[in-house]
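Step one of this worksheet: look at the structure below.
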Amino acid sequence: MRKAWSILPEEWKPILTERGLRAFRADQILQSLYRDYITDWDQATTLPKDFRESLKTEFPITKAETLDVSTSSDGTQKLLIGFEDGNAVETVLIPATGRFTQCISTQVGCPMGCAFCASGSRGVVRSLTADEIVAEYMAGRRLGEITNIVVMGMGEPFMNYDETMRALKLINAGKGPNLGARHITLSTCGVVPGFAKLAAEGIQFELSVSLHAPNDTLRNELMPVNKRWPIDELLTACADYTTKTKRIITFEYTVIKGVNDSRACAEELARQVRRVPMAKVNLIPLSPVSHRPDFKTPDDQTLLMFLDVLMKNRVQTMLRRSRGKDANAACGQLRLRHLEGN
């Protein structure tokens, strides 16, 4: 059974034609799904009642319930979205001047096991289907007009490549939600085969890479994925990607006090990043997570030193402001709280 939110706009007319239905109904379906924000086919009142009944049977709308909402003093909202099988994922809504960004998840939990991330602290349960990813987006869209999506929530997008790409193509589609490709950013922790696949898509999605360490010794400790695809192989894939696509790659670097925040780390990071044409760095102060109380946020002086070293080494760098700390907005924390019954 195909779910309505997994069907690309151009696929509706052939589906209807095969069933002897008139093609113009496709536009009514798309209007109902992505402009009227329906959650049940009964709400699609422009469609005949008998047609709505057949849509319920053949192309049901994914059931997704907002189980919990955590709101920060800065306006950031984290939603815990529950699905019919009892599993739940997080999506975060981040307001800013002229922007309303949604961070979405692609898996229930995460298989990658990064040391500082709550998402992977209990492993992965399963990957989301395309319609479930779109359901996350629609839950956010009902709260405001989304201007940007970052696929930086729970899970590793390149480990759920096909379903993630179908969902993003649907969100990008002109007769669907119509969110521009350059307003959609995928983030990977370094699953190297995904780079060539994404480059071959020919879609101008943005790409970021969670690096978080400048060498294999430290990255092996923080990010187990590095043991499979070490930094040299990862940066080679990044360089190939930028050459093929002419698109910038953003390296995400979470700064952890006493772990990866030294001047030597900053100098080494600058040397590594310069291997990739068209690259920039986002420095992110650690948002503490309950399962690693030994990991602390660095002070402002250290962050500014790190930023200064990178910029003096001609690396385009931005120091990001943490958002939603008082809303458990770091990846996986709201789900972890829910699982623990707190």
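So you can find residues: chains in the structure tokens are A, B, ... in the order shown, residues in each start at 1, and ligands are numbered from 1 in order.
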Segment 138-245 of chain A residues near segment 63-69 of chain A within 12 Å, closest pair each, using only C-alpha atoms, as a Markdown table:
```
| residue | atom | partner | partner_atom | distance |
| --- | --- | --- | --- | --- |
| A:Met138 | CA | A:Ala64 | CA | 9.7 |
| A:Ala139 | CA | A:Thr66 | CA | 7.9 |
| A:Gly140 | CA | A:Thr66 | CA | 10.1 |
| A:Arg142 | CA | A:Thr66 | CA | 11.8 |
| A:Leu143 | CA | A:Thr66 | CA | 11.9 |
```
- DSSP-assigned strand (DSSP E) members of segment 85-295 of chain A, reported as a PyMOL selection string: chain A and resi 88-96+99-103+107-109+124-127+148-151+184-188+206-210+249-255+279-285
Give me a file of those residues, with C-alpha atoms, as a PDB file, in the first residue's frame.
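Output below, filename out-v8.pdb:
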```pdb
ATOM      1  CA  ALA A  88       8.756   8.499  17.780  1.00  0.00           C
ATOM      2  CA  VAL A  89      11.208  10.993  16.308  1.00  0.00           C
ATOM      3  CA  GLU A  90      12.052  14.625  16.917  1.00  0.00           C
ATOM      4  CA  THR A  91      11.717  17.668  14.696  1.00  0.00           C
ATOM      5  CA  VAL A  92      12.896  21.136  15.715  1.00  0.00           C
ATOM      6  CA  LEU A  93      11.535  24.504  14.572  1.00  0.00           C
ATOM      7  CA  ILE A  94      13.979  27.404  14.761  1.00  0.00           C
ATOM      8  CA  PRO A  95      12.695  30.947  14.176  1.00  0.00           C
ATOM      9  CA  ALA A  96      14.983  33.751  13.039  1.00  0.00           C
ATOM     10  CA  ARG A  99      13.731  32.529   8.283  1.00  0.00           C
ATOM     11  CA  PHE A 100      11.850  29.636   9.849  1.00  0.00           C
ATOM     12  CA  THR A 101      14.068  26.555   9.787  1.00  0.00           C
ATOM     13  CA  GLN A 102      12.973  22.999  10.467  1.00  0.00           C
ATOM     14  CA  CYS A 103      15.408  20.283  11.489  1.00  0.00           C
ATOM     15  CA  GLN A 107      15.622   7.397  11.446  1.00  0.00           C
ATOM     16  CA  VAL A 108      14.237   6.379  14.820  1.00  0.00           C
ATOM     17  CA  GLY A 109      17.400   6.706  16.857  1.00  0.00           C
ATOM     18  CA  VAL A 124      18.739   2.704  15.902  1.00  0.00           C
ATOM     19  CA  VAL A 125      15.268   1.136  15.892  1.00  0.00           C
ATOM     20  CA  ARG A 126      14.421   1.560  12.209  1.00  0.00           C
ATOM     21  CA  SER A 127      14.588   3.958   9.287  1.00  0.00           C
ATOM     22  CA  ASN A 148      14.571  26.122   5.241  1.00  0.00           C
ATOM     23  CA  ILE A 149      15.045  22.457   6.074  1.00  0.00           C
ATOM     24  CA  VAL A 150      18.142  20.925   7.611  1.00  0.00           C
ATOM     25  CA  VAL A 151      18.284  17.135   7.653  1.00  0.00           C
ATOM     26  CA  ILE A 184      17.335  22.095   1.903  1.00  0.00           C
ATOM     27  CA  THR A 185      20.544  20.883   3.584  1.00  0.00           C
ATOM     28  CA  LEU A 186      21.506  17.257   4.137  1.00  0.00           C
ATOM     29  CA  SER A 187      24.019  16.416   6.848  1.00  0.00           C
ATOM     30  CA  THR A 188      26.128  13.258   6.965  1.00  0.00           C
ATOM     31  CA  GLU A 206      23.163  21.792   0.203  1.00  0.00           C
ATOM     32  CA  LEU A 207      25.490  19.317   1.917  1.00  0.00           C
ATOM     33  CA  SER A 208      27.161  19.461   5.312  1.00  0.00           C
ATOM     34  CA  VAL A 209      29.577  16.996   6.883  1.00  0.00           C
ATOM     35  CA  SER A 210      29.848  16.404  10.624  1.00  0.00           C
ATOM     36  CA  ILE A 249      30.433  21.700   1.504  1.00  0.00           C
ATOM     37  CA  THR A 250      30.004  22.893   5.089  1.00  0.00           C
ATOM     38  CA  PHE A 251      31.986  21.094   7.774  1.00  0.00           C
ATOM     39  CA  GLU A 252      30.234  21.010  11.140  1.00  0.00           C
ATOM     40  CA  TYR A 253      32.615  21.063  14.101  1.00  0.00           C
ATOM     41  CA  THR A 254      31.143  20.711  17.591  1.00  0.00           C
ATOM     42  CA  VAL A 255      33.613  22.203  20.045  1.00  0.00           C
ATOM     43  CA  ALA A 279      34.496  24.452   1.808  1.00  0.00           C
ATOM     44  CA  LYS A 280      33.539  26.314   4.952  1.00  0.00           C
ATOM     45  CA  VAL A 281      33.323  25.493   8.664  1.00  0.00           C
ATOM     46  CA  ASN A 282      30.520  25.948  11.195  1.00  0.00           C
ATOM     47  CA  LEU A 283      31.812  26.004  14.760  1.00  0.00           C
ATOM     48  CA  ILE A 284      29.148  24.806  17.195  1.00  0.00           C
ATOM     49  CA  PRO A 285      29.537  25.057  20.981  1.00  0.00           C
TER      50      PRO A 285
END
```
- Message: Can you tell me, as a ChimeraX atom specification, which residues in segment 204-277 of chain A count as alpha helix (DSSP H) by DSSP?
- Response: /A:216-222,225-228,231-245,263-273
- Item | Proximity to Asn220 of chain A - best of A:Pro9, A:Tyr34, A:Met112, A:Leu47, only C-alpha atoms | A:Met112
- Task: Could you tell me how far atom CA of Cys114 of chain A lies from atom CA of Thr243 of chain A, in Å and to one decimal?
- Result: 28.5 Å
- Find the spatial neighbours of Lys169 of chain A, counting only C-alpha atoms, within a cut-off of 9 Å - ignore same-chain residues fewer than 4 positions away - and output them as JSON, numbers by chain. {"A": [8, 164, 165, 173, 181, 203]}
